[in-house]
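Next comes work-v9.txt, a file with compact mmCIF, C-alpha atoms.
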```txt
# COMPACT_ATOMS: atom_id res chain seq x y z
CA MET A 1 96.18 99.48 104.47
CA ASN A 2 94.32 96.49 103.07
CA LYS A 3 91.85 94.02 104.44
CA VAL A 4 94.46 91.36 105.26
CA GLN A 5 96.46 93.74 107.41
CA ASN A 6 93.36 94.40 109.47
CA LEU A 7 92.76 90.73 109.99
CA ILE A 8 96.28 89.85 111.10
CA PRO A 9 95.94 91.06 114.73
CA GLN A 10 92.92 88.86 115.38
CA PHE A 11 94.59 85.86 113.75
CA VAL A 12 97.72 86.48 115.79
CA GLU A 13 95.67 86.67 118.96
CA LYS A 14 93.89 83.43 118.08
CA PHE A 15 97.20 81.70 117.42
CA PHE A 16 98.82 82.72 120.70
CA LYS A 17 95.68 81.83 122.66
CA SER A 18 95.59 78.32 121.26
CA CYS A 19 99.32 77.66 120.93
CA GLU A 20 101.39 76.42 123.84
CA ILE A 21 104.68 78.22 123.53
CA ASP A 22 107.66 76.18 124.67
CA ASP A 23 108.55 77.21 128.24
CA ARG A 24 112.19 77.51 127.27
CA ILE A 25 111.39 80.55 125.16
CA ASN A 26 108.21 81.72 126.85
CA LYS A 27 110.13 82.59 130.03
CA TYR A 28 111.87 85.38 128.10
CA SER A 29 110.45 88.48 126.38
CA LEU A 30 108.86 87.48 123.13
CA PHE A 31 107.57 90.08 120.66
CA LEU A 32 105.79 89.92 117.36
CA ILE A 33 106.13 93.20 115.49
CA ARG A 34 105.29 94.68 112.15
CA GLN A 35 107.91 96.13 109.83
CA ASP A 36 107.28 99.60 111.23
CA GLY A 37 107.85 98.44 114.81
CA VAL A 38 104.20 98.29 115.88
CA VAL A 39 103.84 95.50 118.43
CA LEU A 40 101.23 92.86 117.54
CA TYR A 41 101.97 90.50 120.44
CA HIS A 42 104.14 90.35 123.52
CA ASN A 43 104.10 87.74 126.23
CA ASN A 44 104.29 90.18 129.17
CA LYS A 45 107.55 88.76 130.43
CA GLN A 46 109.13 92.16 130.44
CA GLN A 47 108.44 94.84 133.02
CA GLY A 48 106.90 98.06 131.84
CA ASN A 49 103.76 99.41 130.24
CA ALA A 50 102.47 99.23 126.69
CA LEU A 51 104.50 102.29 125.74
CA THR A 52 107.75 100.72 126.91
CA LYS A 53 106.87 97.83 124.67
CA SER A 54 106.35 100.30 121.82
CA SER A 55 109.94 101.45 122.33
CA ILE A 56 111.18 97.88 122.15
CA GLY A 57 109.12 97.37 118.99
CA ALA A 58 110.65 100.47 117.39
CA LEU A 59 114.16 99.30 118.23
CA LEU A 60 113.56 95.77 116.96
CA GLY A 61 112.12 97.20 113.73
CA GLY A 62 114.96 99.70 113.38
CA VAL A 63 117.76 97.22 113.97
CA TRP A 64 116.23 94.82 111.45
CA GLN A 65 115.84 97.51 108.79
CA ALA A 66 119.40 98.74 109.28
CA SER A 67 120.77 95.21 109.08
CA LYS A 68 118.74 94.46 105.99
CA ALA A 69 120.05 97.61 104.32
CA LEU A 70 123.60 96.52 105.18
CA SER A 71 122.95 93.07 103.74
CA ASP A 72 122.35 94.71 100.37
CA PHE A 73 126.11 95.14 100.21
CA ILE A 74 126.61 91.36 100.17
CA PRO A 75 127.42 90.37 96.61
CA GLN A 76 124.82 88.03 95.17
CA THR A 77 124.71 86.14 91.91
CA GLN A 78 121.58 84.82 90.25
CA GLU A 79 122.72 81.28 91.17
CA SER A 80 123.21 82.08 94.83
CA LYS A 81 119.78 83.74 94.93
CA GLN A 82 118.20 80.66 93.41
CA ALA A 83 120.05 78.36 95.80
CA GLU A 84 118.88 80.41 98.79
CA HIS A 85 115.34 80.35 97.49
CA SER A 86 115.29 76.59 96.95
CA PHE A 87 116.72 75.93 100.43
CA GLY A 88 114.26 78.37 101.98
CA GLU A 89 117.16 80.43 103.31
CA GLU A 90 116.07 83.56 105.16
CA PHE A 91 118.11 86.09 107.09
CA ARG A 92 117.93 85.98 110.86
CA LEU A 93 119.40 88.55 113.19
CA SER A 94 121.37 87.69 116.28
CA PHE A 95 123.08 90.04 118.71
CA ASP A 96 124.42 87.97 121.55
CA THR A 97 127.02 86.72 123.97
CA SER A 98 127.27 83.07 124.97
CA SER A 99 124.36 83.45 127.41
CA LYS A 100 122.24 86.49 126.53
CA GLY A 101 121.10 88.38 123.49
CA VAL A 102 118.46 89.44 121.03
CA TYR A 103 117.25 87.17 118.26
CA ILE A 104 114.95 88.21 115.41
CA VAL A 105 113.31 85.95 112.84
CA PRO A 106 111.21 87.26 109.94
CA LEU A 107 107.88 85.84 108.80
CA LYS A 108 106.44 86.61 105.42
CA ILE A 109 102.64 86.81 105.52
CA LEU A 110 101.39 87.38 101.99
CA ASP A 111 102.74 90.84 101.19
CA GLU A 112 103.62 91.79 104.71
CA GLU A 113 106.76 91.03 106.69
CA LEU A 114 106.46 90.47 110.44
CA PHE A 115 109.23 89.77 112.94
CA LEU A 116 109.40 87.51 115.95
CA GLY A 117 111.92 88.88 118.44
CA LEU A 118 113.27 87.18 121.56
CA ILE A 119 115.27 88.95 124.28
CA TYR A 120 116.93 86.37 126.49
CA PHE A 121 119.50 86.15 129.27
CA ASP A 122 121.17 83.61 131.62
CA GLU A 123 120.64 80.96 128.98
CA VAL A 124 122.85 77.88 128.98
CA ASN A 125 121.83 76.77 125.51
CA PRO A 126 121.12 79.78 123.25
CA GLY A 127 121.30 77.58 120.15
CA SER A 128 118.34 75.57 121.36
CA ILE A 129 116.13 78.58 122.10
CA LYS A 130 116.98 80.12 118.74
CA SER A 131 115.89 76.92 117.09
CA LYS A 132 112.66 76.94 119.16
CA THR A 133 112.04 80.54 118.10
CA ARG A 134 112.43 79.61 114.43
CA GLU A 135 110.01 76.71 114.92
CA LEU A 136 107.48 79.05 116.55
CA ALA A 137 107.85 81.53 113.69
CA LEU A 138 107.20 78.78 111.18
CA LYS A 139 104.11 77.56 113.07
CA LEU A 140 102.80 81.09 113.36
CA SER A 141 103.39 81.79 109.71
CA GLU A 142 101.56 78.59 108.69
CA SER A 143 98.68 79.35 111.03
CA LEU A 144 98.29 82.90 109.73
CA GLU A 145 98.36 81.79 106.13
CA THR A 146 95.75 79.11 106.78
CA GLN A 147 93.51 81.55 108.61
CA ILE A 148 93.85 84.18 105.90
CA LYS A 149 93.07 81.69 103.14
CA SER A 150 90.01 80.35 104.94
CA GLN A 151 88.68 83.85 105.44
CA ASN A 152 86.53 84.20 102.38
CA THR A 153 84.10 86.69 103.68
CA HIS A 154 84.78 89.51 106.03
CA LYS A 155 82.14 91.05 108.16
CA SER A 156 81.51 94.71 107.76
CA VAL A 157 82.31 96.92 110.72
CA GLU A 158 80.12 99.97 110.99
CA GLY A 159 79.48 99.70 107.25
CA LYS A 160 82.82 101.26 106.30
CA LYS A 161 84.57 100.42 103.05
CA ILE A 162 88.29 99.92 102.44
CA ASN A 163 88.82 103.42 101.11
CA ASP A 164 86.50 105.19 103.51
CA PHE A 165 88.20 107.45 106.00
CA LEU A 166 88.07 106.12 109.54
CA PHE A 167 87.24 109.53 110.95
CA ASP A 168 85.12 111.55 108.56
CA ASP A 169 85.79 114.81 110.27
CA ILE A 170 87.62 115.69 113.44
CA THR A 171 86.75 118.86 115.26
CA ASP A 172 89.22 121.18 116.94
CA ALA A 173 87.52 120.40 120.24
CA GLU A 174 88.29 116.70 119.76
CA MET A 175 91.93 117.52 119.03
CA ASP A 176 92.10 119.77 122.08
CA HIS A 177 90.76 116.89 124.13
CA LEU A 178 93.42 114.54 122.72
CA PHE A 179 96.13 117.02 123.61
CA SER A 180 94.93 117.73 127.11
CA PHE A 181 97.57 115.40 128.55
CA GLY A 182 100.28 118.03 129.02
CA LYS A 183 101.80 118.72 132.42
CA MET B 1 101.86 102.88 107.35
CA SER B 2 99.14 103.59 109.86
CA PHE B 3 97.62 100.63 111.58
CA VAL B 4 94.07 100.29 112.82
CA ASN B 5 93.75 97.35 115.19
CA TYR B 6 90.05 96.53 115.43
CA VAL B 7 90.74 93.83 118.05
CA THR B 8 92.18 96.25 120.57
CA LYS B 9 90.46 99.34 119.07
CA GLU B 10 93.80 101.06 118.64
CA VAL B 11 95.15 103.37 115.99
CA ASN B 12 98.94 103.52 115.54
CA CYS B 13 100.46 106.29 113.45
CA LYS B 14 104.03 107.21 112.58
CA ILE B 15 105.13 110.83 112.41
CA VAL B 16 108.63 111.71 111.25
CA TYR B 17 110.42 114.97 112.06
CA TYR B 18 112.69 115.76 109.12
CA GLY B 19 115.05 118.67 108.47
CA PRO B 20 118.63 119.88 108.36
CA GLY B 21 121.20 119.03 111.02
CA LEU B 22 120.99 121.02 114.26
CA GLY B 23 117.62 122.41 113.19
CA GLY B 24 115.80 121.31 116.36
CA LYS B 25 114.08 118.02 115.49
CA THR B 26 115.28 116.26 118.62
CA THR B 27 114.54 119.36 120.72
CA ASN B 28 110.93 119.23 119.50
CA ILE B 29 110.32 115.73 120.71
CA GLN B 30 112.35 116.29 123.88
CA TYR B 31 110.00 119.16 124.70
CA VAL B 32 106.96 116.97 124.03
CA TYR B 33 108.50 114.34 126.30
CA GLN B 34 109.14 116.83 129.10
CA LYS B 35 105.66 118.28 128.94
CA THR B 36 103.77 115.03 128.75
CA SER B 37 102.60 113.35 131.91
CA GLY B 38 103.83 109.85 132.68
CA ASP B 39 100.75 107.83 131.71
CA HIS B 40 100.77 109.21 128.19
CA LYS B 41 104.38 108.71 127.18
CA GLY B 42 106.82 105.83 126.96
CA ASN B 43 110.58 105.80 127.11
CA MET B 44 112.23 108.20 124.76
CA ILE B 45 114.80 106.30 122.78
CA THR B 46 117.75 108.24 121.43
CA LEU B 47 120.45 106.67 119.31
CA ASN B 48 123.13 109.35 119.42
CA THR B 49 126.77 109.87 118.58
CA GLU B 50 129.20 110.84 121.36
CA ASN B 51 128.52 114.49 120.51
CA GLU B 52 124.80 114.02 121.08
CA ARG B 53 124.01 114.24 117.40
CA THR B 54 121.30 111.86 116.22
CA LEU B 55 122.95 108.78 114.76
CA PHE B 56 119.96 106.69 113.71
CA PHE B 57 116.74 108.02 115.19
CA ASP B 58 114.99 109.39 118.27
CA PHE B 59 111.74 107.72 119.14
CA LEU B 60 108.93 108.77 121.43
CA PRO B 61 105.69 106.78 121.78
CA LEU B 62 102.73 108.90 122.82
CA ASP B 63 99.32 107.73 123.98
CA LEU B 64 96.97 110.57 123.17
CA GLY B 65 93.81 109.04 124.55
CA GLU B 66 90.60 108.08 122.81
CA ILE B 67 88.86 109.46 119.80
CA ARG B 68 85.47 108.00 118.89
CA GLY B 69 86.23 104.79 120.76
CA PHE B 70 89.73 104.28 119.33
CA LYS B 71 92.86 104.62 121.43
CA THR B 72 95.29 106.76 119.48
CA ARG B 73 98.96 105.98 119.70
CA PHE B 74 101.49 108.15 117.91
CA HIS B 75 105.08 107.13 117.29
CA LEU B 76 107.27 110.20 116.86
CA TYR B 77 110.58 109.68 115.09
CA THR B 78 113.34 112.09 114.16
CA VAL B 79 115.83 111.43 111.39
CA PRO B 80 119.54 112.24 111.67
CA GLY B 81 119.99 115.61 109.99
CA GLN B 82 123.61 115.42 108.95
CA VAL B 83 124.03 115.02 105.22
CA PHE B 84 125.98 111.75 105.31
CA TYR B 85 123.18 109.87 107.11
CA GLU B 86 120.99 109.75 104.01
CA ALA B 87 120.66 105.94 104.12
CA SER B 88 119.25 106.07 107.66
CA ARG B 89 116.78 108.80 106.73
CA LYS B 90 115.38 106.63 103.95
CA LEU B 91 114.83 103.75 106.36
CA ILE B 92 113.05 105.89 108.91
CA LEU B 93 110.66 107.27 106.32
CA ARG B 94 109.34 103.78 105.61
CA GLY B 95 105.73 103.48 106.68
CA VAL B 96 105.46 107.15 107.58
CA ASP B 97 101.96 108.64 108.01
CA GLY B 98 102.89 112.28 108.43
CA VAL B 99 105.94 114.51 108.15
CA VAL B 100 107.00 117.59 110.07
CA PHE B 101 109.77 119.50 108.35
CA VAL B 102 111.72 121.46 110.96
CA ALA B 103 113.46 124.32 109.18
CA ASP B 104 116.21 126.36 110.79
CA SER B 105 115.21 130.03 110.41
CA GLN B 106 118.75 131.40 110.63
CA VAL B 107 119.84 133.17 107.45
CA GLU B 108 123.00 131.08 107.10
CA ARG B 109 120.99 127.83 107.22
CA MET B 110 118.82 128.54 104.18
CA GLU B 111 121.00 126.42 101.90
CA ALA B 112 120.84 123.50 104.36
CA ASN B 113 117.05 123.85 104.55
CA LEU B 114 116.74 123.75 100.78
CA GLU B 115 119.01 120.73 100.50
CA SER B 116 117.11 118.88 103.21
CA MET B 117 113.72 119.68 101.65
CA LYS B 118 114.97 118.37 98.32
CA SER B 119 116.18 115.19 100.02
CA LEU B 120 112.79 114.77 101.74
CA GLU B 121 110.93 115.06 98.48
CA LYS B 122 113.25 112.55 96.81
CA ASN B 123 113.26 110.06 99.67
CA LEU B 124 109.47 110.16 100.01
CA LEU B 125 109.14 109.48 96.32
CA GLU B 126 111.53 106.52 96.61
CA GLN B 127 109.29 105.09 99.32
CA GLY B 128 106.25 105.55 97.12
CA TYR B 129 104.85 108.72 98.71
CA ASP B 130 103.82 111.92 97.00
CA ILE B 131 104.77 114.94 99.09
CA GLU B 132 101.64 116.69 97.84
CA LYS B 133 99.39 113.96 99.18
CA ILE B 134 100.98 112.89 102.45
CA PRO B 135 100.02 114.80 105.64
CA PHE B 136 102.79 117.36 105.87
CA VAL B 137 103.45 120.52 107.89
CA ILE B 138 106.44 122.84 108.17
CA GLN B 139 107.85 124.44 111.29
CA TRP B 140 110.00 127.58 111.13
CA ASN B 141 112.16 126.92 114.16
CA LYS B 142 114.55 129.19 116.06
CA ARG B 143 112.38 132.28 115.62
CA ASP B 144 113.80 133.59 118.91
CA LEU B 145 117.29 133.98 117.44
CA PRO B 146 118.60 137.15 115.81
CA ASN B 147 119.50 137.01 112.14
CA THR B 148 116.53 134.98 110.99
CA THR B 149 115.06 134.93 107.50
CA SER B 150 111.56 136.37 107.39
CA VAL B 151 108.70 133.88 107.45
CA LYS B 152 107.54 135.26 104.13
CA ASP B 153 110.90 134.47 102.51
CA LEU B 154 111.13 131.05 104.15
CA SER B 155 107.66 130.25 102.97
CA LYS B 156 108.42 131.37 99.45
CA ALA B 157 111.60 129.28 99.29
CA LEU B 158 110.45 126.14 101.07
CA ASN B 159 106.68 125.87 101.10
CA LYS B 160 105.71 125.70 97.46
CA TRP B 161 102.82 123.39 98.34
CA GLY B 162 101.19 125.81 100.75
CA VAL B 163 101.05 123.28 103.59
CA PRO B 164 100.33 124.47 107.16
CA GLU B 165 103.32 126.24 108.70
CA PHE B 166 104.17 127.23 112.25
CA GLU B 167 106.64 129.58 113.84
CA ALA B 168 108.48 128.01 116.73
CA SER B 169 111.24 128.14 119.25
CA ALA B 170 111.52 124.50 120.20
CA VAL B 171 114.04 125.18 122.92
CA LYS B 172 111.45 127.35 124.69
CA GLY B 173 108.55 125.17 123.63
CA ASN B 174 106.82 127.82 121.53
CA GLY B 175 104.97 126.29 118.60
CA VAL B 176 105.97 122.72 119.43
CA PHE B 177 102.50 121.47 120.38
CA ASP B 178 100.77 123.58 117.71
CA THR B 179 102.89 121.78 115.12
CA LEU B 180 102.25 118.36 116.61
CA LYS B 181 98.53 118.95 116.96
CA SER B 182 98.27 120.05 113.35
CA ILE B 183 100.12 117.06 111.90
CA SER B 184 98.22 114.68 114.20
CA LYS B 185 94.89 115.99 112.97
CA LEU B 186 95.94 115.67 109.33
CA VAL B 187 97.17 112.12 109.94
CA LEU B 188 94.01 111.02 111.76
CA MET B 189 91.78 112.49 109.07
CA ASN B 190 93.81 110.69 106.43
CA LEU B 191 93.34 107.24 108.03
CA LYS B 192 91.52 104.72 105.90
CA SER B 193 89.22 102.25 107.57
CA GLY B 194 90.66 99.35 105.54
CA LEU B 195 87.45 97.38 105.83
CA ASN B 196 84.89 96.13 103.44
```
Can you turn what I pasted into structure tokens?
Amino acid sequence: MNKVQNLIPQFVEKFFKSCEIDDRINKYSLFLIRQDGVVLYHNNKQQGNALTKSSIGALLGGVWQASKALSDFIPQTQESKQAEHSFGEEFRLSFDTSSKGVYIVPLKILDEELFLGLIYFDEVNPGSIKSKTRELALKLSESLETQIKSQNTHKSVEGKKINDFLFDDITDAEMDHLFSFGK
Amino acid sequence: MSFVNYVTKEVNCKIVYYGPGLGGKTTNIQYVYQKTSGDHKGNMITLNTENERTLFFDFLPLDLGEIRGFKTRFHLYTVPGQVFYEASRKLILRGVDGVVFVADSQVERMEANLESMKSLEKNLLEQGYDIEKIPFVIQWNKRDLPNTTSVKDLSKALNKWGVPEFEASAVKGNGVFDTLKSISKLVLMNLKSGLN
């Protein structure tokens, strides 16, 4: 884990506080997740607690990873790679009918890949909301990059360094306390 | 890849249950799910075949509560054990913080255990992890069955690193929480602050 990864949640929060998300997509469940499925943002349009959202994050992450692994079987030449790169072509993932579905768009933030996922239904114009989701992903990506670049100094929290352990020592009593949730 | 969110004061960690097919990985997390009260667990996701064999992964999010002001959230995953799902196992190991190897203690499953352990070592290496450095524990499951290999022999064959090991009968719940508690502690103590 590096410094940038720690800063991303606060930058994400800042972005979504200041950004007015288009109502056409904000009425559906919108998630921003990390590659490992950890949820960084959700717009609370889906019923359920934070743990239900964790499950959705894991599924969004899993389906993306599986699809990406499958895409490795697509033959690619050096020319086609270059063409994709120059046109800014990125994979998107869509699982849908004509009115409902799941749509995932990746964002590359320095070394880390994040995913914006939209779960929608009863939609008369899915093409339009997919386009809005891509626009939002682009805005978010630009905002995060700007914020990261402008962050020259980072305040120390509790004097810990990058390679310090977060918990120096954990006692058995603390572990027992953590595991006291059983029925 | 553990994740410390200083905005929400949350720690997210990923634990993967690895091991041979039908060894009891899913049973482990099903038991945890059954014995965990509602506020602390989310939906258990299972992506199964028609025969209830794990196809992609099982997933259980657990909220363990607070430690030194940080909410701790563990994501438990199982991999599909059957040999031909190797590609899926590699994907699930990405970003892992701790591994539980669930070995099947039955004599006739020794070969499958060895093969699975070899695959774990190789797949971790491919993802950039050293099995000697990552938080790792082994569970000798199905100790309640007749015809089991002795723990001493299992240990000799499968635990060359001397990592913590636990006897268990996941179907009865014996050893399930001891295993989880041990790997959780190792994972938490391995977390880096990531700050400067």
### Task
Dig up all the protein and nucleic acid residues within 12 Å of (92.4, 115.7, 124.6) in the file frame, using all atoms listed in the file, and format them as a list in words.
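Neighbouring residues, ordered by chain and number, come to Thr171, Asp172, Ala173, Glu174, Met175, Asp176, His177, Leu178, Phe179, Ser180, Phe181 and Gly182 of chain A; His40, Asp63, Leu64, Gly65, Glu66, Ile67, Arg68, Lys71, Thr72, Lys181, Ser184 and Lys185 of chain B.
The closest residue to Leu158 of chain B, picked from B:Asn51, B:Thr26, B:Gln139, B:Ser88 and counting all atoms listed in the file, is B:Gln139.
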### Message
With 8 Å as the limit and counting all atoms listed in the file, what residues in chain B lie close to chain A? Please list them as a ChimeraX atom specification.
### Response
/B:1-7,12,35-37,40-45,59-67,88,91-92,94-95,181,185,188-196
### Query
Hey, can you check how far atom CA of Met110 of chain B sits from atom CA of His75 of chain B?
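Atom-to-atom, atom CA of Met110 of chain B to atom CA of His75 of chain B, that is 28.6 Å.
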### Message
Excluding segment 168-170 of chain B and its own-chain neighbours fewer than 3 positions away, which residues fall within 8 Å of it when counting only C-alpha atoms? Please give them as a ChimeraX atom specification.
### Response
/B:24,27-28,31,139-144,173-176
Using C-alpha atoms, can you export the residues from the last selection as an mmCIF file, in the coordinates of the input?
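Output (selection_35.cif):
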```cif
data_model
loop_
_atom_site.group_PDB
_atom_site.id
_atom_site.type_symbol
_atom_site.label_atom_id
_atom_site.label_comp_id
_atom_site.auth_asym_id
_atom_site.auth_seq_id
_atom_site.Cartn_x
_atom_site.Cartn_y
_atom_site.Cartn_z
ATOM 1 C CA GLY B 24 115.800 121.310 116.360
ATOM 2 C CA THR B 27 114.540 119.360 120.720
ATOM 3 C CA ASN B 28 110.930 119.230 119.500
ATOM 4 C CA TYR B 31 110.000 119.160 124.700
ATOM 5 C CA GLN B 139 107.850 124.440 111.290
ATOM 6 C CA TRP B 140 110.000 127.580 111.130
ATOM 7 C CA ASN B 141 112.160 126.920 114.160
ATOM 8 C CA LYS B 142 114.550 129.190 116.060
ATOM 9 C CA ARG B 143 112.380 132.280 115.620
ATOM 10 C CA ASP B 144 113.800 133.590 118.910
ATOM 11 C CA GLY B 173 108.550 125.170 123.630
ATOM 12 C CA ASN B 174 106.820 127.820 121.530
ATOM 13 C CA GLY B 175 104.970 126.290 118.600
ATOM 14 C CA VAL B 176 105.970 122.720 119.430
#
```
### Message
What's around Phe15 of chain A at 9 Å? Count all atoms listed in the file, leave out sequence neighbours fewer than 3 positions away in its own chain, and write the answer as number ranges by chain.
### Response
A: 10-12, 18-19, 140, 143-144
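If you look at atom CA of Glu111 of chain B and atom CA of Val16 of chain B, they are 21.4 Å away from each other.
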### Query
Quick one, how far is atom CA of Arg89 of chain B from atom CA of Asp153 of chain B?
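Result for atom CA of Arg89 of chain B versus atom CA of Asp153 of chain B: 26.7 Å, one decimal.
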### Task
Choose the residue, out of A:Leu118, A:Val105, A:Leu110, A:Ala137, that has the smallest atom-to-atom separation from Glu90 of chain A; count all atoms listed in the file.
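Checking each of A:Leu118, A:Val105, A:Leu110, A:Ala137 against Glu90 of chain A, counting all atoms listed in the file, the winner is A:Val105.
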### Message
Please list, as a ChimeraX atom specification, the residues that have an atom at most 12 Å away from (113.7, 72.3, 127.2) in the coordinates of this file, counting all atoms listed in the file.
### Response
/A:21-27,123-132
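Nearest residue to Ile119 of chain A, choosing from A:Glu89, A:Glu84, A:Asp96, A:Glu142 and counting all atoms listed in the file: A:Asp96.
Proximity of A:Ile148, A:Leu93, A:Leu114, A:Leu138 to Gly57 of chain A, computed with all atoms listed in the file, is greatest for A:Leu114.
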#### Entry: A:Phe16, A:Phe121, A:Phe73, A:Phe31 ranked by distance to Lys100 of chain A, top pick (using all atoms listed in the file)
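Among A:Phe16, A:Phe121, A:Phe73, A:Phe31, it is A:Phe121 that comes nearest to Lys100 of chain A.
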### Message
Excluding Phe70 of chain B and its own-chain neighbours fewer than 6 positions away, which residues fall within 8 Å of it when counting all atoms listed in the file? Please give them as a ChimeraX atom specification.
### Response
/B:9-11
### Which residue of B:Leu76, B:Lys90, B:Ala112, B:Leu186 approaches Glu126 of chain B most closely, using all atoms listed in the file
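Of B:Leu76, B:Lys90, B:Ala112, B:Leu186, the one nearest Glu126 of chain B, counting all atoms listed in the file, is B:Lys90.
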Missing atoms in segment 120-142 of chain B: fill them in up to N, CA and C atoms and send the result as a PDB file, in the coordinates of the input.
```pdb
ATOM      1  N   LEU B 120     114.072 115.313 101.254  1.00  0.00           N
ATOM      2  CA  LEU B 120     112.790 114.770 101.740  1.00  0.00           C
ATOM      3  C   LEU B 120     111.896 114.389 100.570  1.00  0.00           C
ATOM      4  N   GLU B 121     111.800 115.293  99.633  1.00  0.00           N
ATOM      5  CA  GLU B 121     110.930 115.060  98.480  1.00  0.00           C
ATOM      6  C   GLU B 121     111.385 113.797  97.721  1.00  0.00           C
ATOM      7  N   LYS B 122     112.693 113.688  97.545  1.00  0.00           N
ATOM      8  CA  LYS B 122     113.250 112.550  96.810  1.00  0.00           C
ATOM      9  C   LYS B 122     113.065 111.246  97.586  1.00  0.00           C
ATOM     10  N   ASN B 123     113.360 111.289  98.870  1.00  0.00           N
ATOM     11  CA  ASN B 123     113.260 110.060  99.670  1.00  0.00           C
ATOM     12  C   ASN B 123     111.808 109.600  99.829  1.00  0.00           C
ATOM     13  N   LEU B 124     110.884 110.551  99.924  1.00  0.00           N
ATOM     14  CA  LEU B 124     109.470 110.160 100.010  1.00  0.00           C
ATOM     15  C   LEU B 124     109.054 109.467  98.716  1.00  0.00           C
ATOM     16  N   LEU B 125     109.486 110.046  97.624  1.00  0.00           N
ATOM     17  CA  LEU B 125     109.140 109.480  96.320  1.00  0.00           C
ATOM     18  C   LEU B 125     109.685 108.054  96.187  1.00  0.00           C
ATOM     19  N   GLU B 126     110.920 107.860  96.656  1.00  0.00           N
ATOM     20  CA  GLU B 126     111.530 106.520  96.610  1.00  0.00           C
ATOM     21  C   GLU B 126     110.738 105.507  97.415  1.00  0.00           C
ATOM     22  N   GLN B 127     110.087 105.998  98.482  1.00  0.00           N
ATOM     23  CA  GLN B 127     109.290 105.090  99.320  1.00  0.00           C
ATOM     24  C   GLN B 127     107.848 104.996  98.816  1.00  0.00           C
ATOM     25  N   GLY B 128     107.585 105.646  97.708  1.00  0.00           N
ATOM     26  CA  GLY B 128     106.250 105.550  97.120  1.00  0.00           C
ATOM     27  C   GLY B 128     105.258 106.595  97.618  1.00  0.00           C
ATOM     28  N   TYR B 129     105.742 107.668  98.227  1.00  0.00           N
ATOM     29  CA  TYR B 129     104.850 108.720  98.710  1.00  0.00           C
ATOM     30  C   TYR B 129     104.960 109.971  97.839  1.00  0.00           C
ATOM     31  N   ASP B 130     103.841 110.653  97.712  1.00  0.00           N
ATOM     32  CA  ASP B 130     103.820 111.920  97.000  1.00  0.00           C
ATOM     33  C   ASP B 130     103.745 113.023  98.061  1.00  0.00           C
ATOM     34  N   ILE B 131     104.715 113.897  98.052  1.00  0.00           N
ATOM     35  CA  ILE B 131     104.770 114.940  99.090  1.00  0.00           C
ATOM     36  C   ILE B 131     103.511 115.822  99.067  1.00  0.00           C
ATOM     37  N   GLU B 132     102.852 115.859  97.923  1.00  0.00           N
ATOM     38  CA  GLU B 132     101.640 116.690  97.840  1.00  0.00           C
ATOM     39  C   GLU B 132     100.428 115.993  98.450  1.00  0.00           C
ATOM     40  N   LYS B 133     100.550 114.689  98.667  1.00  0.00           N
ATOM     41  CA  LYS B 133      99.390 113.960  99.180  1.00  0.00           C
ATOM     42  C   LYS B 133      99.544 113.533 100.638  1.00  0.00           C
ATOM     43  N   ILE B 134     100.766 113.366 101.088  1.00  0.00           N
ATOM     44  CA  ILE B 134     100.980 112.890 102.450  1.00  0.00           C
ATOM     45  C   ILE B 134     100.718 114.039 103.443  1.00  0.00           C
ATOM     46  N   PRO B 135     100.138 113.752 104.625  1.00  0.00           N
ATOM     47  CA  PRO B 135     100.020 114.800 105.640  1.00  0.00           C
ATOM     48  C   PRO B 135     101.403 115.405 105.948  1.00  0.00           C
ATOM     49  N   PHE B 136     101.481 116.723 105.833  1.00  0.00           N
ATOM     50  CA  PHE B 136     102.790 117.360 105.870  1.00  0.00           C
ATOM     51  C   PHE B 136     102.641 118.779 106.423  1.00  0.00           C
ATOM     52  N   VAL B 137     103.435 119.136 107.410  1.00  0.00           N
ATOM     53  CA  VAL B 137     103.450 120.520 107.890  1.00  0.00           C
ATOM     54  C   VAL B 137     104.911 120.982 108.025  1.00  0.00           C
ATOM     55  N   ILE B 138     105.087 122.289 108.045  1.00  0.00           N
ATOM     56  CA  ILE B 138     106.440 122.840 108.170  1.00  0.00           C
ATOM     57  C   ILE B 138     106.520 123.719 109.410  1.00  0.00           C
ATOM     58  N   GLN B 139     107.623 123.596 110.113  1.00  0.00           N
ATOM     59  CA  GLN B 139     107.850 124.440 111.290  1.00  0.00           C
ATOM     60  C   GLN B 139     109.062 125.333 111.036  1.00  0.00           C
ATOM     61  N   TRP B 140     108.863 126.634 111.228  1.00  0.00           N
ATOM     62  CA  TRP B 140     110.000 127.580 111.130  1.00  0.00           C
ATOM     63  C   TRP B 140     110.571 127.691 112.535  1.00  0.00           C
ATOM     64  N   ASN B 141     111.620 126.975 112.796  1.00  0.00           N
ATOM     65  CA  ASN B 141     112.160 126.920 114.160  1.00  0.00           C
ATOM     66  C   ASN B 141     113.197 128.024 114.375  1.00  0.00           C
ATOM     67  N   LYS B 142     113.521 128.233 115.624  1.00  0.00           N
ATOM     68  CA  LYS B 142     114.550 129.190 116.060  1.00  0.00           C
ATOM     69  C   LYS B 142     114.143 130.637 115.765  1.00  0.00           C
TER      70      LYS B 142
END
```
